[in-house]
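Shown next: target29.csv, given as CSV, C-alpha atoms.
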chain,number,residue,atom,x,y,z
A,293,MET,CA,122.1,133.1,64.9
A,294,GLY,CA,123.3,130.8,67.7
A,295,LYS,CA,122.3,127.2,68.2
A,296,TYR,CA,119.6,128.3,70.7
A,297,THR,CA,117.3,131.0,69.3
A,298,VAL,CA,114.0,132.1,70.6
A,299,HIS,CA,111.5,134.8,69.6
A,300,LEU,CA,109.5,135.9,72.7
A,301,ARG,CA,106.4,137.5,71.3
A,302,TYR,CA,104.7,139.8,73.8
A,303,TYR,CA,101.3,141.0,72.7
A,304,THR,CA,99.5,144.1,74.0
A,305,GLY,CA,99.1,143.8,77.8
A,306,ASP,CA,101.4,140.8,78.1
A,307,PRO,CA,104.6,142.3,79.6
A,308,LEU,CA,104.5,143.4,83.2
A,309,GLU,CA,106.2,146.7,82.2
A,310,GLU,CA,107.2,148.4,79.0
A,311,ILE,CA,110.0,146.5,77.3
A,312,GLY,CA,113.1,148.6,77.0
A,313,GLN,CA,116.1,148.2,74.8
A,314,GLU,CA,118.5,149.3,77.6
A,315,ASP,CA,117.2,146.6,80.0
A,316,LEU,CA,117.6,144.0,77.3
A,317,ASP,CA,121.1,145.1,76.5
A,318,ARG,CA,121.9,144.8,80.2
A,319,ILE,CA,120.5,141.3,80.2
A,320,GLY,CA,122.4,140.4,77.1
A,321,ARG,CA,125.7,141.7,78.5
A,322,ALA,CA,125.2,140.0,81.9
A,323,HIS,CA,124.6,136.6,80.4
A,324,GLY,CA,126.8,136.8,77.3
A,325,VAL,CA,124.0,136.2,74.8
A,326,GLU,CA,122.6,138.2,71.8
A,327,VAL,CA,119.4,140.0,72.5
A,328,SER,CA,117.5,142.1,70.0
A,329,PHE,CA,114.2,143.8,70.1
A,330,GLU,CA,111.5,144.7,67.5
A,331,ARG,CA,108.3,146.6,68.1
A,332,ILE,CA,105.5,146.1,65.7
A,333,ASP,CA,102.4,148.4,66.1
A,334,ASN,CA,99.5,148.1,63.8
A,335,ARG,CA,96.8,149.5,66.0
A,336,THR,CA,94.7,152.5,64.9
A,337,LEU,CA,92.7,155.0,66.9
A,338,SER,CA,89.0,154.2,66.9
A,339,ASP,CA,86.7,156.3,69.2
A,340,GLY,CA,89.7,157.3,71.2
A,341,MET,CA,90.8,153.7,71.8
A,342,LEU,CA,93.7,151.8,70.1
A,343,ARG,CA,92.1,149.0,68.2
A,344,GLU,CA,93.2,146.3,65.8
A,345,GLU,CA,91.6,143.5,63.8
A,346,THR,CA,93.7,140.3,64.2
A,347,LEU,CA,91.5,137.5,63.1
A,348,ASP,CA,92.9,137.3,59.6
A,349,LYS,CA,96.4,138.5,60.3
A,350,ALA,CA,99.6,136.5,60.5
A,351,ILE,CA,101.1,135.9,64.0
A,352,GLU,CA,104.1,137.9,63.1
A,353,GLU,CA,102.2,140.9,61.8
A,354,ILE,CA,99.9,141.8,64.7
A,355,THR,CA,101.0,144.3,67.3
A,356,GLN,CA,103.7,142.9,69.5
A,357,ASP,CA,107.1,143.3,71.0
A,358,VAL,CA,109.5,140.6,69.9
A,359,ILE,CA,112.5,139.9,72.0
A,360,THR,CA,114.9,137.6,70.2
A,361,VAL,CA,117.6,135.8,72.3
A,362,SER,CA,120.3,133.8,70.6
A,363,ALA,CA,123.3,131.9,72.1
A,364,GLU,CA,125.5,128.9,71.5
A,365,ASP,CA,125.6,127.9,75.2
A,366,GLU,CA,122.5,126.4,76.7
A,367,GLY,CA,123.3,127.6,80.3
A,368,ARG,CA,123.8,131.2,79.3
A,369,PHE,CA,120.7,131.1,77.1
A,370,ARG,CA,118.6,129.6,79.9
A,371,LYS,CA,119.7,132.2,82.4
A,372,ALA,CA,119.0,135.1,80.0
A,373,ILE,CA,115.5,133.8,79.5
A,374,VAL,CA,115.0,133.6,83.3
A,375,ALA,CA,116.1,137.2,83.6
A,376,ILE,CA,113.7,138.3,80.9
A,377,TYR,CA,110.8,136.5,82.5
A,378,GLN,CA,111.7,137.9,85.9
A,379,LYS,CA,111.4,141.4,84.4
A,380,TYR,CA,108.5,141.1,82.0
A,381,ARG,CA,107.0,137.6,82.9
A,382,SER,CA,106.8,134.8,80.3
A,383,PRO,CA,104.9,135.2,77.0
A,384,ARG,CA,101.3,134.1,77.2
A,385,THR,CA,100.3,131.8,74.3
A,386,PRO,CA,101.6,128.7,72.6
A,387,TYR,CA,102.3,130.8,69.4
A,388,SER,CA,104.3,133.4,71.4
A,389,PHE,CA,107.4,131.4,70.4
A,390,TRP,CA,106.6,131.1,66.7
A,391,GLY,CA,109.7,131.1,64.5
A,392,SER,CA,112.1,130.0,67.2
A,393,SER,CA,114.6,127.2,66.9
A,394,GLN,CA,113.4,123.9,68.2
A,395,ASP,CA,115.8,123.8,71.1
A,396,GLY,CA,115.3,127.5,71.9
A,397,GLU,CA,111.5,127.1,72.1
A,398,ARG,CA,111.9,124.0,74.2
A,399,ILE,CA,114.0,125.8,76.8
A,400,ALA,CA,111.9,129.0,76.8
A,401,LYS,CA,108.8,126.9,77.4
A,402,ALA,CA,110.5,124.8,80.1
A,403,VAL,CA,111.6,128.0,81.9
A,404,ALA,CA,108.1,129.4,81.7
A,405,ASP,CA,106.6,126.2,83.2
A,406,ALA,CA,109.3,126.0,85.9
A,407,THR,CA,108.5,129.5,87.0
A,408,GLY,CA,104.8,129.0,86.9
A,409,GLY,CA,104.3,131.1,83.8
A,410,GLY,CA,103.1,133.7,86.3
A,411,TRP,CA,105.9,136.2,86.3
B,219,MET,CA,63.7,148.4,88.5
B,220,LYS,CA,64.1,144.7,88.6
B,221,ILE,CA,66.1,142.3,90.8
B,222,LEU,CA,66.6,138.8,89.6
B,223,GLY,CA,67.3,136.0,92.1
B,224,LEU,CA,69.4,133.1,90.8
B,225,VAL,CA,69.5,129.9,92.9
B,226,GLY,CA,72.2,127.3,92.3
B,227,SER,CA,70.8,124.5,94.3
B,228,TYR,CA,68.5,121.5,93.5
B,229,ARG,CA,66.9,121.6,97.0
B,230,ARG,CA,63.4,123.0,97.0
B,231,ASN,CA,62.9,125.5,99.8
B,232,GLY,CA,66.4,124.8,101.0
B,233,ASN,CA,68.8,127.3,102.4
B,234,SER,CA,69.9,128.8,99.1
B,235,GLU,CA,66.3,129.3,98.0
B,236,ILE,CA,65.2,130.6,101.5
B,237,LEU,CA,68.0,133.2,101.6
B,238,ALA,CA,67.3,134.2,98.0
B,239,LYS,CA,63.6,134.6,98.7
B,240,GLU,CA,64.2,136.6,101.9
B,241,ALA,CA,66.6,138.9,100.0
B,242,LEU,CA,64.0,139.3,97.2
B,243,MET,CA,61.5,140.3,99.9
B,244,GLY,CA,63.9,142.9,101.0
B,245,ALA,CA,64.4,144.1,97.4
B,246,GLU,CA,60.6,144.3,97.0
B,247,GLU,CA,60.4,146.4,100.1
B,248,ALA,CA,62.8,148.9,98.4
B,249,GLY,CA,60.4,149.1,95.4
B,250,ALA,CA,61.9,146.5,93.1
B,251,GLU,CA,60.1,144.1,90.9
B,252,VAL,CA,61.5,140.7,91.6
B,253,GLU,CA,61.9,137.3,89.9
B,254,LEU,CA,63.5,134.0,90.9
B,255,LEU,CA,65.2,131.4,88.7
B,256,SER,CA,66.4,128.1,90.0
B,257,LEU,CA,69.2,127.4,87.7
B,258,THR,CA,68.8,123.6,88.1
B,259,ASP,CA,65.3,123.8,86.6
B,260,TYR,CA,66.9,124.7,83.3
B,261,ARG,CA,68.9,122.7,80.8
B,262,ILE,CA,72.4,124.2,80.9
B,263,GLU,CA,74.7,122.1,78.7
B,264,ALA,CA,78.4,122.0,79.0
B,265,CYS,CA,80.4,124.3,76.8
B,266,GLN,CA,81.7,122.3,73.8
B,267,GLY,CA,84.8,124.5,73.3
B,268,PHE,CA,84.3,125.3,69.7
B,269,GLY,CA,85.0,128.9,70.3
B,270,LEU,CA,82.9,129.9,67.3
B,271,CYS,CA,80.5,131.7,69.6
B,272,LEU,CA,83.2,134.3,70.0
B,273,PHE,CA,83.0,135.2,66.4
B,274,ARG,CA,79.4,134.6,65.5
B,275,LYS,CA,76.9,137.5,66.0
B,276,GLU,CA,74.3,135.0,67.1
B,277,GLY,CA,76.7,133.6,69.8
B,278,CYS,CA,76.6,130.0,71.0
B,279,HIS,CA,75.1,127.3,68.8
B,280,ILE,CA,73.9,125.0,71.6
B,281,GLU,CA,70.1,125.0,71.8
B,282,ASP,CA,69.4,124.8,75.5
B,283,ASP,CA,68.1,127.2,78.2
B,284,VAL,CA,71.2,129.3,78.6
B,285,LYS,CA,69.8,132.0,76.2
B,286,LEU,CA,66.8,132.2,78.5
B,287,VAL,CA,69.0,132.8,81.5
B,288,TRP,CA,70.9,135.5,79.7
B,289,SER,CA,67.6,137.1,78.6
B,290,LYS,CA,66.4,137.2,82.3
B,291,ILE,CA,69.7,138.8,83.4
B,292,ASP,CA,69.4,141.3,80.6
B,293,GLU,CA,65.9,142.3,81.8
B,294,ALA,CA,67.2,142.8,85.4
B,295,ASP,CA,69.0,145.7,86.9
B,296,GLY,CA,70.4,143.7,89.8
B,297,ILE,CA,71.3,140.0,90.2
B,298,LEU,CA,71.1,138.2,93.5
B,299,LEU,CA,73.0,134.9,93.4
B,300,SER,CA,72.4,132.4,96.1
B,301,VAL,CA,74.5,129.3,95.6
B,302,PRO,CA,75.5,126.7,98.2
B,303,CYS,CA,79.0,125.5,99.0
B,304,TYR,CA,79.1,121.7,98.6
B,305,PHE,CA,82.7,120.6,98.5
B,306,LEU,CA,85.0,123.6,99.1
B,307,GLU,CA,83.3,125.6,96.3
B,308,SER,CA,80.1,126.4,94.6
B,309,THR,CA,77.9,123.9,92.9
B,310,ALA,CA,78.6,122.7,89.4
B,311,VAL,CA,75.6,124.4,87.8
B,312,LEU,CA,77.4,127.8,88.3
B,313,LYS,CA,80.6,126.6,86.7
B,314,GLN,CA,78.6,125.2,83.8
B,315,LEU,CA,77.1,128.7,83.3
B,316,ILE,CA,80.5,130.4,83.7
B,317,ASP,CA,81.9,128.3,80.8
B,318,ARG,CA,79.0,129.3,78.6
B,319,ALA,CA,79.4,133.0,79.6
B,320,TRP,CA,82.6,133.4,77.7
B,321,VAL,CA,80.7,134.5,74.7
B,322,LEU,CA,79.5,137.5,76.7
B,323,ALA,CA,82.9,138.4,78.2
B,324,HIS,CA,84.2,140.6,75.4
B,325,ARG,CA,80.8,141.9,74.4
B,326,GLY,CA,80.1,143.6,77.8
B,327,THR,CA,76.4,142.8,77.3
B,328,PHE,CA,75.5,143.2,81.0
B,329,ARG,CA,78.4,145.4,82.1
B,330,GLY,CA,77.5,147.9,84.9
B,331,LYS,CA,74.6,146.0,86.4
B,332,TYR,CA,74.6,145.3,90.1
B,333,ALA,CA,74.9,142.1,92.0
B,334,SER,CA,75.2,140.4,95.4
B,335,VAL,CA,76.2,136.9,96.4
B,336,MET,CA,75.0,134.7,99.2
B,337,VAL,CA,76.5,131.3,100.0
B,338,PRO,CA,75.0,128.9,102.6
B,339,TYR,CA,77.6,126.4,103.8
B,340,ALA,CA,77.8,123.6,106.4
B,341,THR,CA,81.2,123.4,107.9
B,342,ARG,CA,83.5,126.3,108.9
B,343,GLY,CA,86.9,125.9,107.2
B,344,TRP,CA,85.5,123.9,104.3
B,345,ILE,CA,84.7,126.9,102.0
B,346,PRO,CA,88.1,128.2,100.8
B,347,TYR,CA,87.1,128.6,97.2
B,348,VAL,CA,83.4,129.4,97.6
B,349,MET,CA,83.5,132.9,96.3
B,350,LEU,CA,85.7,131.9,93.4
B,351,GLN,CA,82.9,130.9,91.0
B,352,PRO,CA,80.6,133.8,91.9
B,353,ASN,CA,83.5,136.2,91.4
B,354,ILE,CA,84.4,134.7,88.1
B,355,PHE,CA,80.8,134.7,87.0
B,356,PHE,CA,80.2,138.4,87.8
B,357,GLY,CA,83.7,139.3,86.7
B,358,ILE,CA,83.0,137.9,83.2
B,359,LEU,CA,79.6,139.6,83.1
B,360,GLY,CA,81.1,142.9,84.3
B,361,LEU,CA,78.7,143.3,87.2
B,362,ARG,CA,79.3,145.5,90.2
B,363,VAL,CA,79.1,143.3,93.3
B,364,ILE,CA,78.1,145.1,96.5
B,365,HIS,CA,77.7,142.2,98.9
B,366,ARG,CA,79.3,138.8,99.4
B,367,ALA,CA,78.2,136.8,102.4
B,368,ALA,CA,78.5,133.3,103.6
B,369,PHE,CA,75.9,131.7,106.0
B,370,ASN,CA,76.8,128.8,108.3
B,371,VAL,CA,73.7,126.7,108.0
B,372,GLN,CA,73.7,122.9,107.6
B,373,GLY,CA,70.5,121.1,107.6
B,374,LEU,CA,67.8,121.4,105.0
B,375,GLY,CA,66.2,124.8,105.4
B,376,GLU,CA,68.0,125.4,108.6
B,377,ALA,CA,68.4,129.1,107.6
B,378,VAL,CA,64.9,129.7,109.0
B,379,HIS,CA,66.3,129.0,112.5
B,380,ASP,CA,68.9,131.7,112.2
B,381,GLU,CA,67.3,135.0,112.7
B,382,GLU,CA,70.5,136.9,112.0
B,383,ALA,CA,71.0,135.1,108.7
B,384,ILE,CA,67.4,135.9,107.7
B,385,GLU,CA,67.8,139.5,108.7
B,386,LYS,CA,71.1,139.7,106.8
B,387,ALA,CA,69.6,138.2,103.6
B,388,HIS,CA,66.7,140.7,103.8
B,389,ARG,CA,69.2,143.6,104.2
B,390,ILE,CA,71.4,142.3,101.3
B,391,GLY,CA,68.4,142.2,99.0
B,392,LYS,CA,67.1,145.6,100.1
B,393,GLU,CA,70.6,147.2,99.7
B,394,LEU,CA,71.0,145.7,96.3
B,395,ALA,CA,67.8,147.4,95.2
B,396,CYS,CA,68.9,150.6,96.8
B,397,ALA,CA,72.3,150.4,95.1
B,398,VAL,CA,70.5,150.1,91.7
B,399,LEU,CA,68.2,153.1,92.5
B,400,ASP,CA,71.1,155.3,93.8
B,401,GLN,CA,73.6,154.0,91.2
B,402,ASP,CA,75.9,153.5,94.1
B,403,SER,CA,78.4,150.7,93.8
B,404,THR,CA,80.0,151.1,97.2
B,405,TYR,CA,81.0,147.7,98.6
B,406,ARG,CA,79.0,146.9,101.7
B,407,SER,CA,80.3,143.6,103.0
B,408,GLU,CA,83.5,143.0,105.0
B,409,PRO,CA,86.5,143.8,102.7
B,410,GLY,CA,88.8,140.9,101.7
B,411,LEU,CA,92.4,140.9,100.8
B,412,CYS,CA,91.9,141.5,97.1
B,413,PRO,CA,90.6,145.1,96.5
B,414,ILE,CA,88.8,144.0,93.3
B,415,CYS,CA,87.0,140.7,94.1
B,416,GLN,CA,87.4,141.0,97.9
B,417,ASP,CA,88.4,137.3,98.2
B,418,TRP,CA,90.9,136.0,100.7
B,419,THR,CA,92.6,133.5,98.5
B,420,ILE,CA,96.1,134.5,97.5
B,421,ARG,CA,98.5,132.5,95.2
B,422,ILE,CA,102.2,132.5,95.8
B,423,LEU,CA,104.0,132.7,92.4
B,424,LYS,CA,106.8,130.3,91.8
B,425,ASP,CA,109.5,132.9,92.0
B,426,ARG,CA,108.4,133.0,95.7
B,427,LYS,CA,108.6,136.8,95.6
B,428,ALA,CA,105.3,137.9,94.3
B,429,VAL,CA,101.7,136.9,95.1
B,430,GLU,CA,98.6,137.4,93.1
B,431,CYS,CA,94.9,137.2,93.4
B,432,PRO,CA,94.2,134.2,91.2
B,433,THR,CA,90.8,135.4,90.2
B,434,CYS,CA,91.7,139.0,89.2
B,435,GLY,CA,95.3,138.3,88.2
B,436,ILE,CA,96.6,141.3,90.1
B,437,ARG,CA,100.0,140.8,91.7
B,438,GLY,CA,101.5,142.2,94.8
B,439,GLU,CA,103.9,141.7,97.6
B,440,LEU,CA,103.4,139.8,100.9
B,441,LYS,CA,104.5,141.7,103.9
B,442,VAL,CA,104.4,141.0,107.6
B,443,LYS,CA,103.8,144.1,109.8
B,444,ASP,CA,103.7,143.7,113.6
B,445,GLY,CA,102.9,140.0,113.1
B,446,THR,CA,100.1,140.7,110.7
B,447,ILE,CA,100.2,139.5,107.0
B,448,GLU,CA,99.5,142.2,104.5
B,449,VAL,CA,99.4,142.1,100.7
B,450,VAL,CA,100.5,145.3,99.0
B,451,PHE,CA,99.1,145.1,95.4
B,452,ASP,CA,100.8,146.8,92.5
B,453,GLU,CA,98.9,149.9,91.3
B,454,ARG,CA,99.4,149.1,87.6
B,455,ALA,CA,98.3,145.5,88.1
B,456,MET,CA,95.1,146.7,89.9
B,457,ALA,CA,94.3,149.0,87.0
B,458,GLU,CA,94.7,146.0,84.7
B,459,TYR,CA,92.8,143.4,86.6
B,460,ARG,CA,91.6,140.3,84.6
B,461,PHE,CA,88.0,141.5,84.1
B,462,HIS,CA,88.8,145.0,83.1
B,463,PRO,CA,87.1,145.7,79.7
B,464,GLU,CA,90.4,146.6,78.1
B,465,VAL,CA,92.1,143.5,79.4
B,466,GLY,CA,89.3,141.5,78.0
B,467,TYR,CA,89.7,143.2,74.6
B,468,ASN,CA,93.4,142.5,74.6
B,469,HIS,CA,92.8,138.9,75.5
B,470,PHE,CA,90.3,138.4,72.8
B,471,THR,CA,92.3,140.3,70.2
B,472,TYR,CA,95.8,139.0,70.9
B,473,HIS,CA,95.3,135.6,72.6
B,474,ILE,CA,92.2,134.2,70.9
B,475,LYS,CA,91.8,135.6,67.4
B,476,PRO,CA,95.4,135.0,66.3
B,477,SER,CA,95.1,131.4,67.2
B,478,ARG,CA,93.2,131.0,63.9
B,479,ASP,CA,96.5,131.7,62.0
B,480,TYR,CA,98.4,129.4,64.4
B,481,PHE,CA,95.8,126.7,63.9
B,482,LEU,CA,95.9,126.9,60.1
B,483,ARG,CA,99.7,126.8,60.1
B,484,THR,CA,99.9,123.7,62.3
B,485,LYS,CA,96.8,122.0,60.9
B,486,GLU,CA,98.4,119.4,58.7
B,487,GLU,CA,101.0,118.4,61.2
B,488,ARG,CA,98.4,118.3,63.9
B,489,LYS,CA,96.1,116.2,61.8
B,490,ALA,CA,98.8,113.6,61.1
B,491,LYS,CA,99.8,113.3,64.7
B,492,ARG,CA,96.2,113.1,65.9
B,493,LYS,CA,95.6,109.9,63.9
B,494,ARG,CA,97.5,108.0,66.6
B,495,TYR,CA,94.7,108.8,69.1
B,496,LYS,CA,91.6,108.9,66.9
B,497,ASP,CA,90.5,105.3,67.3
B,498,TYR,CA,92.5,104.2,70.4
B,499,LEU,CA,90.1,102.8,73.1
B,500,ARG,CA,87.1,103.8,71.0
B,501,GLU,CA,84.2,101.3,71.0
B,502,GLU,CA,83.5,99.8,67.6
B,503,GLY,CA,80.3,100.7,65.9
Encoded form (structure tokens):
Amino acid sequence: MGKYTVHLRYYTGDPLEEIGQEDLDRIGRAHGVEVSFERIDNRTLSDGMLREETLDKAIEEITQDVITVSAEDEGRFRKAIVAIYQKYRSPRTPYSFWGSSQDGERIAKAVADATGGGW
Amino acid sequence: MKILGLVGSYRRNGNSEILAKEALMGAEEAGAEVELLSLTDYRIEACQGFGLCLFRKEGCHIEDDVKLVWSKIDEADGILLSVPCYFLESTAVLKQLIDRAWVLAHRGTFRGKYASVMVPYATRGWIPYVMLQPNIFFGILGLRVIHRAAFNVQGLGEAVHDEEAIEKAHRIGKELACAVLDQDSTYRSEPGLCPICQDWTIRILKDRKAVECPTCGIRGELKVKDGTIEVVFDERAMAEYRFHPEVGYNHFTYHIKPSRDYFLRTKEERKAKRKRYKDYLREEG
């Protein structure tokens, strides 16, 4: 784990497009940072719709795509976050960064604010 | 078949009420039973932001007249909203009702009913956000809006001088009733830029590449063709506009419900840090 580590938690409907490992690998290579990806899916079919009860679940356990970015260099880290937001937009909620390092979360939130959080 | 008129103005027999009544006369002509509520006659308290209403079967805990307003909407097949523009946007009573409507957003209680909006306003160019609140209100409730119209009338009850306005209001009411009867949600007013809410307000995102309808949350690209500005909206975004039932479900399931776990995890730290503010500038006693 680098000095700057962030977990970007995208819940159902949050990313602009489906998050893909190849795209993340490309971003990681382009900016010289470590990028990993985990998909958690706990939805079940109910009347033909994918449904999930989340009220009593832990933030990490509910359905989500987690992109983890890690780097030692702040500049590289920041640029990688920008690239991820450009592609998928920023995560939506305050708990979308849960588990990140303090500096990683600070930068990821600052980039989201600087870009309007609307990507 | 019933059409309910909602008036968002304090003024008795003012422009909003006149236009609403004329529209209801039109609806009656088409065979509708009609009723009028002046929202300002009722006690509509501010939302207290507890969020418990979202989880309680009985909904909001505030004992005021909002439940009555919802029951009247529930009884109706079509809603005719007449709300004036005071300062760039609708009057506060509508915003107050919007905040209280969140409890209904994910339940879809009124989804599929029909609606029309009429806005009397005084000065051209001073109404940029006037359809914002009606669009949010009907978006939350999941109503199918078939007319949105603004009427340039200034003085108290001036609408009566404007025969075209009166005729238009009458037609809007009649067409609302017909839409209910025919189950025809075709949009009848002039189309706007946004294909969902038909508004003309567009937000430029900070990347300066994309634009979006701030109400519906659908993004697109701004293009200039032969000197004319066009917005080309993204097909996927349009299918996932903010008030789509599935988007509402996701918002409730993934943005609201998990906040309980987040709250519990951060509760002690939050409690300790909030002490700093608890008594600051509070009057004693």
Give me, as a count of residues only, the residues of chain B touching chain A, with the criterion being at most 6 Å (counting all atoms listed in the file).
4
Rounded to one decimal in Å, what is the spacing between atom CA of B:Val371 and atom CA of B:Tyr339?
5.7 Å
Separation of atom CA of B:Val348 from atom CA of B:Glu448 in Å
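Separation of atom CA of B:Glu448 and atom CA of B:Val348: 21.7 Å.
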Using atom CA of A:Glu364 and atom CA of A:Gly324 as the two end points, give the distance in Å to one decimal.
9.9 Å
Show which residues sit within 6 Å of stretch 451-465 of chain B, as a ChimeraX atom specification. Count only C-alpha atoms, and ignore same-chain residues fewer than 5 positions away.
/B:357,434-438
Using all atoms listed in the file, determine which residues lie at most 10 Å from A:Ile376, disregarding the query and same-chain residues fewer than 3 positions distant; provide the list as a VMD selection string.
chain A and resid 300 311 315 to 316 319 to 320 359 361 371 to 373 379 to 382 411
Keeping only C-alpha atoms, write the selected residues to a file as a PDB file, in the frame of the given file.
ATOM      1  CA  LEU A 300     109.500 135.900  72.700  1.00  0.00           C
ATOM      2  CA  ILE A 311     110.000 146.500  77.300  1.00  0.00           C
ATOM      3  CA  ASP A 315     117.200 146.600  80.000  1.00  0.00           C
ATOM      4  CA  LEU A 316     117.600 144.000  77.300  1.00  0.00           C
ATOM      5  CA  ILE A 319     120.500 141.300  80.200  1.00  0.00           C
ATOM      6  CA  GLY A 320     122.400 140.400  77.100  1.00  0.00           C
ATOM      7  CA  ILE A 359     112.500 139.900  72.000  1.00  0.00           C
ATOM      8  CA  VAL A 361     117.600 135.800  72.300  1.00  0.00           C
ATOM      9  CA  LYS A 371     119.700 132.200  82.400  1.00  0.00           C
ATOM     10  CA  ALA A 372     119.000 135.100  80.000  1.00  0.00           C
ATOM     11  CA  ILE A 373     115.500 133.800  79.500  1.00  0.00           C
ATOM     12  CA  LYS A 379     111.400 141.400  84.400  1.00  0.00           C
ATOM     13  CA  TYR A 380     108.500 141.100  82.000  1.00  0.00           C
ATOM     14  CA  ARG A 381     107.000 137.600  82.900  1.00  0.00           C
ATOM     15  CA  SER A 382     106.800 134.800  80.300  1.00  0.00           C
ATOM     16  CA  TRP A 411     105.900 136.200  86.300  1.00  0.00           C
TER      17      TRP A 411
END
Go through stretch 350-434 of chain B residue by residue and, counting all atoms listed in the file, keep those with an atom at most 12 Å from stretch 233-237 of chain B; for each kept residue give the shortest atom pair and its distance in Å to one decimal, ordered by chain and increasing number, as JSON lines.
{"residue": "B:Ala367", "atom": "CA", "partner": "B:Leu237", "partner_atom": "CA", "distance": 10.8}
{"residue": "B:Ala368", "atom": "CA", "partner": "B:Leu237", "partner_atom": "CA", "distance": 10.7}
{"residue": "B:Phe369", "atom": "CA", "partner": "B:Asn233", "partner_atom": "CA", "distance": 9.1}
{"residue": "B:Asn370", "atom": "CA", "partner": "B:Asn233", "partner_atom": "CA", "distance": 10.1}
{"residue": "B:Val371", "atom": "CA", "partner": "B:Asn233", "partner_atom": "CA", "distance": 7.5}
{"residue": "B:Gln372", "atom": "CA", "partner": "B:Asn233", "partner_atom": "CA", "distance": 8.4}
{"residue": "B:Gly373", "atom": "CA", "partner": "B:Asn233", "partner_atom": "CA", "distance": 8.3}
{"residue": "B:Leu374", "atom": "CA", "partner": "B:Asn233", "partner_atom": "CA", "distance": 6.5}
{"residue": "B:Gly375", "atom": "CA", "partner": "B:Asn233", "partner_atom": "CA", "distance": 4.7}
{"residue": "B:Glu376", "atom": "CA", "partner": "B:Asn233", "partner_atom": "CA", "distance": 6.5}
{"residue": "B:Ala377", "atom": "CA", "partner": "B:Asn233", "partner_atom": "CA", "distance": 5.5}
{"residue": "B:Val378", "atom": "CA", "partner": "B:Ile236", "partner_atom": "CA", "distance": 7.6}
{"residue": "B:His379", "atom": "CA", "partner": "B:Asn233", "partner_atom": "CA", "distance": 10.5}
{"residue": "B:Asp380", "atom": "CA", "partner": "B:Asn233", "partner_atom": "CA", "distance": 10.7}
{"residue": "B:Glu381", "atom": "CA", "partner": "B:Leu237", "partner_atom": "CA", "distance": 11.3}
{"residue": "B:Glu382", "atom": "CA", "partner": "B:Leu237", "partner_atom": "CA", "distance": 11.3}
{"residue": "B:Ala383", "atom": "CA", "partner": "B:Leu237", "partner_atom": "CA", "distance": 7.9}
{"residue": "B:Ile384", "atom": "CA", "partner": "B:Leu237", "partner_atom": "CA", "distance": 6.7}
{"residue": "B:Glu385", "atom": "CA", "partner": "B:Leu237", "partner_atom": "CA", "distance": 9.5}
{"residue": "B:Lys386", "atom": "CA", "partner": "B:Leu237", "partner_atom": "CA", "distance": 8.9}
{"residue": "B:Ala387", "atom": "CA", "partner": "B:Leu237", "partner_atom": "CA", "distance": 5.6}
{"residue": "B:His388", "atom": "CA", "partner": "B:Leu237", "partner_atom": "CA", "distance": 7.9}
{"residue": "B:Arg389", "atom": "CA", "partner": "B:Leu237", "partner_atom": "CA", "distance": 10.8}
{"residue": "B:Ile390", "atom": "CA", "partner": "B:Leu237", "partner_atom": "CA", "distance": 9.7}
{"residue": "B:Gly391", "atom": "CA", "partner": "B:Leu237", "partner_atom": "CA", "distance": 9.4}
With only C-alpha atoms as the basis for distance, which of B:Lys313, B:Lys441, B:Lys392, B:Arg492 is at the shortest distance from B:Met243?
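Looking at the shortest contact to B:Met243, the residue is B:Lys392.
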From the set B:Ala323, B:Ala395, B:Cys303, B:Leu361, which residue has the shortest atom-to-atom contact distance to B:Pro346, counting all atoms listed in the file?
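Selected residue with least distance to B:Pro346: B:Cys303.
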Counting all atoms listed in the file, note down every residue that has an atom within 9 Å of the point (69.6, 147.5, 87.7) (file coordinates), as a PDB file with C-alpha atoms, in the coordinates of the input.
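File written: out.pdb
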ATOM      1  CA  MET B 219      63.700 148.400  88.500  1.00  0.00           C
ATOM      2  CA  LYS B 220      64.100 144.700  88.600  1.00  0.00           C
ATOM      3  CA  ILE B 221      66.100 142.300  90.800  1.00  0.00           C
ATOM      4  CA  GLU B 293      65.900 142.300  81.800  1.00  0.00           C
ATOM      5  CA  ALA B 294      67.200 142.800  85.400  1.00  0.00           C
ATOM      6  CA  ASP B 295      69.000 145.700  86.900  1.00  0.00           C
ATOM      7  CA  GLY B 296      70.400 143.700  89.800  1.00  0.00           C
ATOM      8  CA  ILE B 297      71.300 140.000  90.200  1.00  0.00           C
ATOM      9  CA  GLY B 330      77.500 147.900  84.900  1.00  0.00           C
ATOM     10  CA  LYS B 331      74.600 146.000  86.400  1.00  0.00           C
ATOM     11  CA  TYR B 332      74.600 145.300  90.100  1.00  0.00           C
ATOM     12  CA  ALA B 333      74.900 142.100  92.000  1.00  0.00           C
ATOM     13  CA  LEU B 394      71.000 145.700  96.300  1.00  0.00           C
ATOM     14  CA  ALA B 395      67.800 147.400  95.200  1.00  0.00           C
ATOM     15  CA  ALA B 397      72.300 150.400  95.100  1.00  0.00           C
ATOM     16  CA  VAL B 398      70.500 150.100  91.700  1.00  0.00           C
ATOM     17  CA  LEU B 399      68.200 153.100  92.500  1.00  0.00           C
ATOM     18  CA  GLN B 401      73.600 154.000  91.200  1.00  0.00           C
TER      19      GLN B 401
END
Mind checking which residues fall within 7 Å of B:Gln351, counting all atoms listed in the file, ignoring those fewer than 2 positions away in the same chain, and posting them as a ChimeraX atom specification?
/B:308,312-313,348-349,353-355
Residue contacts of B:Leu411 (9 Å, only C-alpha atoms) excluding same-chain residues fewer than 5 positions away, as a ChimeraX atom specification
/B:416-420,431,448-449
Let me make sure I understand: among B:Leu299, B:Ile280, B:Leu272, B:Leu423, which one has the smallest atom-to-atom distance to B:Leu242 if we use only C-alpha atoms?
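Closest to B:Leu242 of all the choices is B:Leu299.
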